[in-house]
file start-v4.cif (mmCIF, C-alpha atoms)
data_query
loop_
_atom_site.label_atom_id
_atom_site.label_comp_id
_atom_site.auth_asym_id
_atom_site.auth_seq_id
_atom_site.Cartn_x
_atom_site.Cartn_y
_atom_site.Cartn_z
CA MET A 1 120.24 312.65 351.54
CA ARG A 2 116.77 311.70 350.27
CA HIS A 3 116.39 308.74 347.95
CA ARG A 4 113.78 308.76 345.24
CA ILE A 5 111.74 305.56 344.98
CA PRO A 6 111.32 304.57 341.32
CA SER A 7 107.88 304.62 339.75
CA GLY A 8 106.05 301.33 340.17
CA VAL A 9 107.90 300.44 343.39
CA LEU A 10 106.00 300.21 346.64
CA THR A 11 107.53 300.72 350.09
CA ILE A 12 106.02 298.37 352.66
CA VAL A 13 106.70 298.65 356.37
CA LEU A 14 106.19 295.39 358.25
CA GLY A 15 107.05 295.75 361.91
CA ALA A 16 110.54 297.25 362.01
CA THR A 17 111.42 296.13 358.48
CA THR A 18 110.92 298.20 355.36
CA PHE A 19 110.58 296.52 351.97
CA CYS A 20 110.72 298.13 348.56
CA ALA A 21 108.72 295.88 346.27
CA ASP A 22 107.16 296.03 342.85
CA ALA A 23 103.49 296.78 343.33
CA GLY A 24 101.54 293.62 342.69
CA PRO A 25 102.03 289.98 343.66
CA LEU A 26 105.13 290.52 345.81
CA ARG A 27 103.39 293.23 347.79
CA ASP A 28 100.40 290.96 348.33
CA ARG A 29 102.60 288.10 349.52
CA LEU A 30 104.43 290.34 351.99
CA LEU A 31 101.24 291.80 353.38
CA GLU A 32 99.57 288.40 353.59
CA ARG A 33 102.61 286.90 355.34
CA GLN A 34 102.63 289.66 357.96
CA ALA A 35 98.87 289.42 358.42
CA ALA A 36 99.15 285.66 358.93
CA ARG A 37 101.86 286.14 361.57
CA ASN A 38 99.74 288.71 363.39
CA GLU A 39 96.63 286.54 363.12
CA ARG A 40 98.31 283.45 364.58
CA THR A 41 99.10 285.36 367.76
CA ALA A 42 95.76 287.22 367.92
CA VAL A 43 93.25 284.49 367.08
CA PRO A 44 92.94 281.45 369.34
CA GLY A 45 91.63 278.05 368.33
CA LYS A 46 92.27 275.52 365.61
CA ALA A 47 92.69 276.40 361.95
CA LEU A 48 93.29 274.62 358.68
CA ARG A 49 95.26 276.97 356.46
CA ASP A 50 95.76 277.55 352.75
CA ILE A 51 93.33 274.95 351.47
CA PRO A 52 93.35 275.23 347.65
CA TYR A 53 90.22 275.62 345.56
CA GLY A 54 92.04 276.39 342.29
CA SER A 55 95.47 276.40 340.73
CA ASP A 56 96.34 280.09 341.32
CA PRO A 57 98.36 280.82 344.50
CA ARG A 58 95.65 283.20 345.69
CA GLN A 59 92.89 280.62 345.33
CA ARG A 60 93.17 279.47 348.92
CA PHE A 61 91.09 279.62 352.08
CA ASP A 62 91.53 279.10 355.83
CA VAL A 63 89.05 277.18 357.98
CA TYR A 64 88.66 278.11 361.65
CA LEU A 65 87.17 275.35 363.79
CA PRO A 66 85.20 275.50 367.04
CA ALA A 67 87.13 274.51 370.15
CA GLN A 68 84.74 271.60 370.66
CA THR A 69 84.28 268.95 367.98
CA THR A 70 80.90 269.37 366.36
CA SER A 71 78.76 268.19 363.48
CA ASN A 72 76.32 270.03 361.22
CA ALA A 73 77.67 273.36 362.43
CA PRO A 74 76.65 276.56 360.63
CA VAL A 75 79.39 278.18 358.55
CA ILE A 76 80.33 281.84 358.07
CA PHE A 77 82.00 282.20 354.66
CA MET A 78 84.02 285.43 354.76
CA VAL A 79 85.31 287.45 351.77
CA HIS A 80 87.86 290.18 352.54
CA GLY A 81 87.91 293.67 351.01
CA GLY A 82 90.72 295.83 349.69
CA GLY A 83 89.47 297.70 346.63
CA TRP A 84 89.55 294.57 344.42
CA ARG A 85 93.35 294.96 344.35
CA THR A 86 94.74 294.26 347.85
CA GLY A 87 93.80 292.55 351.09
CA GLY A 88 93.99 289.07 352.48
CA LYS A 89 92.12 286.35 354.34
CA ALA A 90 94.21 286.67 357.52
CA GLU A 91 94.05 290.43 358.02
CA THR A 92 93.35 291.63 361.55
CA ALA A 93 90.09 293.36 360.68
CA VAL A 94 88.87 290.22 358.92
CA VAL A 95 89.52 287.60 361.61
CA GLU A 96 90.63 289.07 364.95
CA ASN A 97 87.16 289.47 366.46
CA LYS A 98 84.99 287.39 364.13
CA VAL A 99 86.89 284.13 364.61
CA PRO A 100 86.69 283.92 368.42
CA TYR A 101 83.12 285.20 368.39
CA PHE A 102 81.73 282.73 365.84
CA THR A 103 83.84 279.69 366.71
CA GLY A 104 83.00 280.32 370.37
CA ARG A 105 79.36 279.80 369.40
CA GLY A 106 80.00 276.58 367.56
CA TYR A 107 80.31 277.98 364.02
CA LEU A 108 83.00 277.30 361.48
CA LEU A 109 84.45 280.40 359.86
CA ILE A 110 86.04 280.15 356.41
CA SER A 111 88.08 283.13 355.20
CA ILE A 112 89.08 283.16 351.54
CA ASN A 113 91.57 284.76 349.20
CA TYR A 114 90.80 285.34 345.55
CA ARG A 115 92.65 286.68 342.52
CA MET A 116 93.16 290.43 342.41
CA LEU A 117 93.43 293.26 339.92
CA PRO A 118 95.04 293.51 337.45
CA ASP A 119 95.04 289.72 336.95
CA ALA A 120 91.31 289.28 337.57
CA ASP A 121 88.51 291.83 337.19
CA PRO A 122 85.59 291.93 339.67
CA LEU A 123 83.49 289.51 337.61
CA ALA A 124 86.33 286.96 337.62
CA GLN A 125 86.75 287.62 341.34
CA ALA A 126 83.05 286.84 341.94
CA ARG A 127 83.56 283.58 340.07
CA ASP A 128 86.52 282.83 342.35
CA VAL A 129 84.25 283.37 345.35
CA ALA A 130 81.71 280.99 343.81
CA LEU A 131 84.42 278.40 343.15
CA ALA A 132 85.68 278.68 346.73
CA LEU A 133 82.12 278.38 348.04
CA ALA A 134 81.51 275.19 346.06
CA ALA A 135 84.81 273.69 347.27
CA ALA A 136 84.10 274.61 350.89
CA GLN A 137 80.59 273.19 350.78
CA GLY A 138 81.94 269.99 349.27
CA LYS A 139 84.34 269.54 352.20
CA ALA A 140 82.33 271.10 355.04
CA ALA A 141 81.08 267.83 356.50
CA THR A 142 84.65 266.59 356.99
CA TRP A 143 85.28 269.60 359.26
CA GLY A 144 82.01 269.23 361.17
CA GLY A 145 80.17 271.89 359.13
CA ASP A 146 76.78 271.71 357.47
CA PRO A 147 76.94 272.48 353.72
CA GLN A 148 73.27 273.46 353.86
CA ARG A 149 73.84 276.15 356.52
CA PHE A 150 76.33 278.55 354.94
CA ILE A 151 76.04 282.32 355.43
CA LEU A 152 78.03 284.52 353.04
CA MET A 153 79.73 287.58 354.50
CA GLY A 154 82.00 290.16 352.89
CA HIS A 155 83.44 293.57 353.63
CA SER A 156 83.93 296.47 351.20
CA ALA A 157 84.99 295.00 347.83
CA GLY A 158 84.24 291.59 349.34
CA ALA A 159 80.75 292.85 350.20
CA HIS A 160 80.31 293.85 346.56
CA LEU A 161 81.34 290.33 345.46
CA VAL A 162 78.94 288.51 347.82
CA ALA A 163 76.17 290.95 346.89
CA LEU A 164 76.81 290.21 343.21
CA LEU A 165 76.48 286.46 343.83
CA SER A 166 73.40 286.96 345.97
CA ALA A 167 71.69 289.12 343.36
CA GLN A 168 72.57 286.71 340.56
CA PRO A 169 72.61 283.18 342.04
CA SER A 170 73.27 281.68 338.60
CA LEU A 171 76.87 282.96 339.00
CA ALA A 172 77.28 280.58 341.92
CA ALA A 173 77.24 277.46 339.72
CA GLY A 174 74.58 275.63 341.67
CA SER A 175 75.73 276.48 345.21
CA ARG A 176 73.06 277.52 347.67
CA TRP A 177 73.35 279.32 350.97
CA LEU A 178 70.94 280.73 353.54
CA GLY A 179 71.65 284.43 353.15
CA THR A 180 74.26 287.15 352.89
CA VAL A 181 75.71 289.83 355.19
CA ALA A 182 77.28 292.67 353.20
CA LEU A 183 79.51 294.84 355.39
CA ASP A 184 79.62 298.38 353.97
CA SER A 185 79.74 297.86 350.23
CA GLY A 186 79.93 301.08 348.26
CA ALA A 187 79.40 299.37 344.92
CA LEU A 188 75.83 298.09 344.79
CA ASP A 189 74.89 300.29 341.82
CA VAL A 190 78.03 300.50 339.72
CA PRO A 191 76.69 302.69 336.86
CA ASP A 192 75.49 305.22 339.44
CA ILE A 193 79.02 305.40 340.85
CA MET A 194 80.76 305.63 337.49
CA GLU A 195 78.44 308.33 336.12
CA HIS A 196 79.21 310.66 339.03
CA HIS A 197 82.36 311.90 340.73
CA HIS A 198 84.13 308.87 342.19
CA ALA A 199 87.40 307.60 343.62
CA ARG A 200 90.07 306.38 341.22
CA LEU A 201 89.90 302.84 342.58
CA TYR A 202 86.52 302.43 340.86
CA ASP A 203 88.10 303.24 337.48
CA GLU A 204 90.75 300.61 338.14
CA ALA A 205 88.11 298.04 339.05
CA PHE A 206 85.32 298.77 336.58
CA GLY A 207 86.99 300.49 333.63
CA SER A 208 85.13 302.64 331.10
CA ASP A 209 82.66 300.23 329.46
CA PRO A 210 79.04 300.85 330.60
CA ALA A 211 78.09 297.33 329.54
CA PHE A 212 80.67 295.93 331.98
CA TRP A 213 79.46 298.28 334.71
CA ARG A 214 76.01 296.69 334.46
CA LYS A 215 77.44 293.14 334.48
CA VAL A 216 79.16 293.77 337.81
CA SER A 217 76.40 295.87 339.37
CA PRO A 218 74.30 293.90 341.89
CA ALA A 219 71.40 296.31 341.32
CA HIS A 220 71.42 295.61 337.57
CA VAL A 221 71.80 291.82 337.56
CA LEU A 222 69.12 291.18 340.16
CA GLN A 223 67.31 287.92 339.45
CA PRO A 224 64.20 286.32 340.93
CA GLY A 225 65.18 284.19 343.89
CA ALA A 226 67.91 286.54 345.13
CA GLN A 227 69.20 285.51 348.53
CA PRO A 228 68.10 287.26 351.75
CA MET A 229 70.50 290.06 352.56
CA LEU A 230 71.53 292.21 355.49
CA LEU A 231 73.19 295.38 354.21
CA VAL A 232 75.32 296.98 356.91
CA CYS A 233 76.40 300.51 356.03
CA SER A 234 78.46 303.26 357.62
CA SER A 235 76.35 306.36 358.28
CA GLN A 236 79.64 308.27 358.03
CA ARG A 237 79.59 307.46 354.29
CA ASP A 238 76.34 308.86 352.86
CA SER A 239 76.75 307.15 349.50
CA ALA A 240 77.10 303.71 351.10
CA CYS A 241 73.83 303.96 353.04
CA ARG A 242 72.05 305.57 350.09
CA GLN A 243 73.04 302.66 347.86
CA ALA A 244 72.17 300.13 350.58
CA HIS A 245 68.62 301.46 350.96
CA ALA A 246 68.08 301.69 347.20
CA PHE A 247 69.33 298.14 346.67
CA ALA A 248 67.20 296.85 349.54
CA GLN A 249 64.14 298.40 347.86
CA ARG A 250 64.95 296.58 344.62
CA LEU A 251 65.38 293.30 346.46
CA ARG A 252 62.04 293.67 348.21
CA ALA A 253 60.32 294.64 344.97
CA GLY A 254 61.58 291.37 343.50
CA GLY A 255 60.19 289.37 346.41
CA SER A 256 63.42 288.92 348.35
CA ARG A 257 64.09 289.74 351.96
CA ALA A 258 66.39 292.70 352.61
CA GLU A 259 67.34 294.64 355.73
CA VAL A 260 69.59 297.68 356.15
CA LEU A 261 71.59 298.19 359.34
CA GLU A 262 73.10 301.68 359.58
CA GLN A 263 76.06 302.04 361.92
CA ALA A 264 77.81 305.20 363.12
CA ARG A 265 81.19 303.59 362.54
CA SER A 266 83.97 304.04 360.03
CA HIS A 267 84.34 301.76 357.02
CA ARG A 268 87.09 299.79 358.79
CA GLU A 269 85.27 299.68 362.14
CA ILE A 270 82.26 298.03 360.48
CA ASN A 271 84.59 295.13 359.67
CA LEU A 272 86.85 295.11 362.73
CA GLN A 273 84.23 295.53 365.46
CA LEU A 274 81.90 292.75 364.35
CA GLY A 275 82.30 290.16 367.07
CA ALA A 276 83.61 292.71 369.59
CA ASP A 277 80.93 295.38 369.96
CA ARG A 278 77.93 293.76 371.62
CA GLY A 279 75.07 295.90 370.29
CA TYR A 280 76.29 295.85 366.70
CA THR A 281 77.17 292.16 366.81
CA ASP A 282 73.81 291.24 368.37
CA ALA A 283 72.00 292.97 365.51
CA VAL A 284 73.95 291.00 362.89
CA GLN A 285 73.55 287.80 364.89
CA ALA A 286 69.77 288.29 365.02
CA PHE A 287 69.68 288.29 361.21
CA ILE A 288 71.87 285.17 361.07
CA ASP A 289 69.69 283.43 363.68
CA SER A 290 66.60 284.15 361.59
CA LEU A 291 68.26 282.47 358.59
CA LEU A 292 69.17 279.40 360.62
CA ARG A 293 65.58 279.09 361.87
CA SER A 294 64.03 279.34 358.42
#
call {"tool": "encode", "arguments": {"input": "start-v4.cif", "output": "structure tokens"}}
result
Amino acid sequence: MRHRIPSGVLTIVLGATTFCADAGPLRDRLLERQAARNERTAVPGKALRDIPYGSDPRQRFDVYLPAQTTSNAPVIFMVHGGGWRTGGKAETAVVENKVPYFTGRGYLLISINYRMLPDADPLAQARDVALALAAAQGKAATWGGDPQRFILMGHSAGAHLVALLSAQPSLAAGSRWLGTVALDSGALDVPDIMEHHHARLYDEAFGSDPAFWRKVSPAHVLQPGAQPMLLVCSSQRDSACRQAHAFAQRLRAGGSRAEVLEQARSHREINLQLGADRGYTDAVQAFIDSLLRS
């Protein structure tokens, strides 16, 4: 006999256990809990977990420390993706390869959570990222990190959020960082997306107001002094690389440094394989090294 799952209920399979949960906060907690369990077994080294930067339960970040005690270490500040609605700081694709790679080279890596749809729209999410950044920079020295040597990194929706902050540094409430690595954002020109055929997740994130589209579009809020950016894009997704090249042109026209790194990898592989695939990782590391030398 088949059982019908009521509307608004999500079935989640974690290991051998199946949960039926209301879509929303419970789902996020279950997914985050499983991701954290997986991450603890997959990622070696020391970590400080669930450090708050606000009062909401999702306003938390994890700090991964180098094996050797250090001081003035550079910091990778990582923002997960998930369509502005799901995802978490401890997901395999976020930390499994990046943490051992960067901490093995003496970096700190900070991976953050932020509020999600429907509780917070992408502009509020970008402000969460800015709030987390300010909190992390304020505490970095106590962990052996250098608050002046932060590099922002984000994947997918997280790449959109770090690109938005980088294009409009005034959103960051006075925080400064060396540059930004955006891993396969498909939302650099939001009006362009919304005015053409697009996935439903963009409607959920950006709504129907063209004025709001421009407010959350990195290409439309670009200010003088935008941060240097490396835009990694999947060549398997034509729209992602098209937007990356167009945004890079706008950055350069405004006097900012911008590079595009096309990769013949899937959207998920761009995130997961950073730190594992040598050629790809070396190309990203070369950009980061250039920031640290400047």
call {"tool": "resolve_selection", "arguments": {"input": "start-v4.cif", "expression": "the PyMOL selection byres ((chain A and resi 206) around 12)", "output": "PyMOL selection string"}}
result
chain A and resi 83-85+117-118+120-124+157+187+189-191+193-195+198-205+207-217
call {"tool": "write_last_selection", "arguments": {"input": "start-v4.cif", "atoms": "C-alpha atoms", "output": "CSV table (one decimal), in the frame of the given file"}}
result
chain,number,residue,atom,x,y,z
A,83,GLY,CA,89.5,297.7,346.6
A,84,TRP,CA,89.6,294.6,344.4
A,85,ARG,CA,93.4,295.0,344.4
A,117,LEU,CA,93.4,293.3,339.9
A,118,PRO,CA,95.0,293.5,337.4
A,120,ALA,CA,91.3,289.3,337.6
A,121,ASP,CA,88.5,291.8,337.2
A,122,PRO,CA,85.6,291.9,339.7
A,123,LEU,CA,83.5,289.5,337.6
A,124,ALA,CA,86.3,287.0,337.6
A,157,ALA,CA,85.0,295.0,347.8
A,187,ALA,CA,79.4,299.4,344.9
A,189,ASP,CA,74.9,300.3,341.8
A,190,VAL,CA,78.0,300.5,339.7
A,191,PRO,CA,76.7,302.7,336.9
A,193,ILE,CA,79.0,305.4,340.8
A,194,MET,CA,80.8,305.6,337.5
A,195,GLU,CA,78.4,308.3,336.1
A,198,HIS,CA,84.1,308.9,342.2
A,199,ALA,CA,87.4,307.6,343.6
A,200,ARG,CA,90.1,306.4,341.2
A,201,LEU,CA,89.9,302.8,342.6
A,202,TYR,CA,86.5,302.4,340.9
A,203,ASP,CA,88.1,303.2,337.5
A,204,GLU,CA,90.8,300.6,338.1
A,205,ALA,CA,88.1,298.0,339.0
A,207,GLY,CA,87.0,300.5,333.6
A,208,SER,CA,85.1,302.6,331.1
A,209,ASP,CA,82.7,300.2,329.5
A,210,PRO,CA,79.0,300.8,330.6
A,211,ALA,CA,78.1,297.3,329.5
A,212,PHE,CA,80.7,295.9,332.0
A,213,TRP,CA,79.5,298.3,334.7
A,214,ARG,CA,76.0,296.7,334.5
A,215,LYS,CA,77.4,293.1,334.5
A,216,VAL,CA,79.2,293.8,337.8
A,217,SER,CA,76.4,295.9,339.4
call {"tool": "resolve_selection", "arguments": {"input": "start-v4.cif", "expression": "the PyMOL selection byres ((chain A and resi 236-242) around 7)", "output": "list in words"}}
result
Asp184, Ser185, Gly186, Cys233, Ser234, Ser235, Gln243, Ala244, His245, Ala246, Glu262, Ala264, Arg265 and Ser266 of chain A
call {"tool": "write_last_selection", "arguments": {"input": "start-v4.cif", "atoms": "C-alpha atoms", "output": "compact mmCIF listing (two decimals), keeping the file's coordinate frame"}}
result
# COMPACT_ATOMS: atom_id res chain seq x y z
CA ASP A 184 79.62 298.38 353.97
CA SER A 185 79.74 297.86 350.23
CA GLY A 186 79.93 301.08 348.26
CA CYS A 233 76.40 300.51 356.03
CA SER A 234 78.46 303.26 357.62
CA SER A 235 76.35 306.36 358.28
CA GLN A 243 73.04 302.66 347.86
CA ALA A 244 72.17 300.13 350.58
CA HIS A 245 68.62 301.46 350.96
CA ALA A 246 68.08 301.69 347.20
CA GLU A 262 73.10 301.68 359.58
CA ALA A 264 77.81 305.20 363.12
CA ARG A 265 81.19 303.59 362.54
CA SER A 266 83.97 304.04 360.03
call {"tool": "atom_distance", "arguments": {"input": "start-v4.cif", "atom1": "CA of Gly179 in chain A", "atom2": "CA of Gly88 in chain A"}}
result
22.8 Å
call {"tool": "resolve_selection", "arguments": {"input": "start-v4.cif", "expression": "the PyMOL selection byres ((chain A and resi 100-112) around 8)", "output": "PDB file with C-alpha atoms, in the coordinates of the input"}}
result
ATOM      1  CA  VAL A  43      93.250 284.490 367.080  1.00  0.00           C
ATOM      2  CA  PRO A  44      92.940 281.450 369.340  1.00  0.00           C
ATOM      3  CA  GLY A  45      91.630 278.050 368.330  1.00  0.00           C
ATOM      4  CA  GLN A  59      92.890 280.620 345.330  1.00  0.00           C
ATOM      5  CA  ARG A  60      93.170 279.470 348.920  1.00  0.00           C
ATOM      6  CA  PHE A  61      91.090 279.620 352.080  1.00  0.00           C
ATOM      7  CA  ASP A  62      91.530 279.100 355.830  1.00  0.00           C
ATOM      8  CA  VAL A  63      89.050 277.180 357.980  1.00  0.00           C
ATOM      9  CA  TYR A  64      88.660 278.110 361.650  1.00  0.00           C
ATOM     10  CA  LEU A  65      87.170 275.350 363.790  1.00  0.00           C
ATOM     11  CA  PRO A  66      85.200 275.500 367.040  1.00  0.00           C
ATOM     12  CA  ALA A  67      87.130 274.510 370.150  1.00  0.00           C
ATOM     13  CA  GLN A  68      84.740 271.600 370.660  1.00  0.00           C
ATOM     14  CA  THR A  70      80.900 269.370 366.360  1.00  0.00           C
ATOM     15  CA  ALA A  73      77.670 273.360 362.430  1.00  0.00           C
ATOM     16  CA  PRO A  74      76.650 276.560 360.630  1.00  0.00           C
ATOM     17  CA  VAL A  75      79.390 278.180 358.550  1.00  0.00           C
ATOM     18  CA  ILE A  76      80.330 281.840 358.070  1.00  0.00           C
ATOM     19  CA  PHE A  77      82.000 282.200 354.660  1.00  0.00           C
ATOM     20  CA  MET A  78      84.020 285.430 354.760  1.00  0.00           C
ATOM     21  CA  VAL A  79      85.310 287.450 351.770  1.00  0.00           C
ATOM     22  CA  HIS A  80      87.860 290.180 352.540  1.00  0.00           C
ATOM     23  CA  GLY A  88      93.990 289.070 352.480  1.00  0.00           C
ATOM     24  CA  LYS A  89      92.120 286.350 354.340  1.00  0.00           C
ATOM     25  CA  ALA A  90      94.210 286.670 357.520  1.00  0.00           C
ATOM     26  CA  VAL A  95      89.520 287.600 361.610  1.00  0.00           C
ATOM     27  CA  GLU A  96      90.630 289.070 364.950  1.00  0.00           C
ATOM     28  CA  ASN A  97      87.160 289.470 366.460  1.00  0.00           C
ATOM     29  CA  LYS A  98      84.990 287.390 364.130  1.00  0.00           C
ATOM     30  CA  VAL A  99      86.890 284.130 364.610  1.00  0.00           C
ATOM     31  CA  ASN A 113      91.570 284.760 349.200  1.00  0.00           C
ATOM     32  CA  TYR A 114      90.800 285.340 345.550  1.00  0.00           C
ATOM     33  CA  VAL A 129      84.250 283.370 345.350  1.00  0.00           C
ATOM     34  CA  ALA A 132      85.680 278.680 346.730  1.00  0.00           C
ATOM     35  CA  GLY A 145      80.170 271.890 359.130  1.00  0.00           C
ATOM     36  CA  GLY A 275      82.300 290.160 367.070  1.00  0.00           C
ATOM     37  CA  ALA A 276      83.610 292.710 369.590  1.00  0.00           C
TER      38      ALA A 276
END
call {"tool": "residues_around", "arguments": {"input": "start-v4.cif", "residues": "range 141-143 of chain A", "least_positions_apart": "2", "cutoff": "8 Å", "atoms": "only C-alpha atoms", "output": "ChimeraX atom specification"}}
result
/A:65,71-72,137-139,145-147
call {"tool": "atom_distance", "arguments": {"input": "start-v4.cif", "atom1": "CA of Ser256 in chain A", "atom2": "CA of Tyr280 in chain A"}}
result
23.5 Å
call {"tool": "closest_residue", "arguments": {"input": "start-v4.cif", "among": "A:Thr180, A:Gln168, A:Thr92, A:Ser290", "to": "Pro228 in chain A", "atoms": "only C-alpha atoms"}}
result
A:Thr180
call {"tool": "atom_distance", "arguments": {"input": "start-v4.cif", "atom1": "CA of Met116 in chain A", "atom2": "CA of Thr86 in chain A"}}
result
6.8 Å
call {"tool": "residues_near_point", "arguments": {"input": "start-v4.cif", "point": "(71.3, 291.8, 363.2)", "cutoff": "12 Å", "atoms": "only C-alpha atoms", "output": "JSON list (two decimals) with C-alpha atoms, in the frame of the given file"}}
result
[["chain", "number", "residue", "atom", "x", "y", "z"],
["A", 180, "THR", "CA", 74.26, 287.15, 352.89],
["A", 181, "VAL", "CA", 75.71, 289.83, 355.19],
["A", 182, "ALA", "CA", 77.28, 292.67, 353.20],
["A", 183, "LEU", "CA", 79.51, 294.84, 355.39],
["A", 229, "MET", "CA", 70.50, 290.06, 352.56],
["A", 230, "LEU", "CA", 71.53, 292.21, 355.49],
["A", 231, "LEU", "CA", 73.19, 295.38, 354.21],
["A", 232, "VAL", "CA", 75.32, 296.98, 356.91],
["A", 258, "ALA", "CA", 66.39, 292.70, 352.61],
["A", 259, "GLU", "CA", 67.34, 294.64, 355.73],
["A", 260, "VAL", "CA", 69.59, 297.68, 356.15],
["A", 261, "LEU", "CA", 71.59, 298.19, 359.34],
["A", 262, "GLU", "CA", 73.10, 301.68, 359.58],
["A", 263, "GLN", "CA", 76.06, 302.04, 361.92],
["A", 274, "LEU", "CA", 81.90, 292.75, 364.35],
["A", 275, "GLY", "CA", 82.30, 290.16, 367.07],
["A", 278, "ARG", "CA", 77.93, 293.76, 371.62],
["A", 279, "GLY", "CA", 75.07, 295.90, 370.29],
["A", 280, "TYR", "CA", 76.29, 295.85, 366.70],
["A", 281, "THR", "CA", 77.17, 292.16, 366.81],
["A", 282, "ASP", "CA", 73.81, 291.24, 368.37],
["A", 283, "ALA", "CA", 72.00, 292.97, 365.51],
["A", 284, "VAL", "CA", 73.95, 291.00, 362.89],
["A", 285, "GLN", "CA", 73.55, 287.80, 364.89],
["A", 286, "ALA", "CA", 69.77, 288.29, 365.02],
["A", 287, "PHE", "CA", 69.68, 288.29, 361.21],
["A", 288, "ILE", "CA", 71.87, 285.17, 361.07],
["A", 289, "ASP", "CA", 69.69, 283.43, 363.68],
["A", 290, "SER", "CA", 66.60, 284.15, 361.59],
["A", 291, "LEU", "CA", 68.26, 282.47, 358.59]]
call {"tool": "axis_aligned_box", "arguments": {"input": "start-v4.cif", "around": "range 81-85 of chain A", "padding_each_side": "3 Å", "output": "lines of an AutoDock Vina configuration file"}}
result
center_x = 90.6
center_y = 295.7
center_z = 347.7
size_x = 11.4
size_y = 10.0
size_z = 12.7
call {"tool": "residues_near_point", "arguments": {"input": "start-v4.cif", "point": "(88.4, 295.2, 354.7)", "cutoff": "6 Å", "atoms": "all atoms listed in the file", "output": "PyMOL selection string"}}
result
chain A and resi 80-82+155-156
call {"tool": "residues_around", "arguments": {"input": "start-v4.cif", "residues": "Gln223 in chain A", "least_positions_apart": "2", "cutoff": "7 Å", "atoms": "only C-alpha atoms", "output": "JSON, numbers by chain"}}
result
{"A": [167, 168, 221, 225, 226]}
call {"tool": "write_last_selection", "arguments": {"input": "start-v4.cif", "atoms": "C-alpha atoms", "output": "mmCIF file, in the frame of the given file"}}
result
data_model
loop_
_atom_site.group_PDB
_atom_site.id
_atom_site.type_symbol
_atom_site.label_atom_id
_atom_site.label_comp_id
_atom_site.auth_asym_id
_atom_site.auth_seq_id
_atom_site.Cartn_x
_atom_site.Cartn_y
_atom_site.Cartn_z
ATOM 1 C CA ALA A 167 71.690 289.120 343.360
ATOM 2 C CA GLN A 168 72.570 286.710 340.560
ATOM 3 C CA VAL A 221 71.800 291.820 337.560
ATOM 4 C CA GLY A 225 65.180 284.190 343.890
ATOM 5 C CA ALA A 226 67.910 286.540 345.130
#
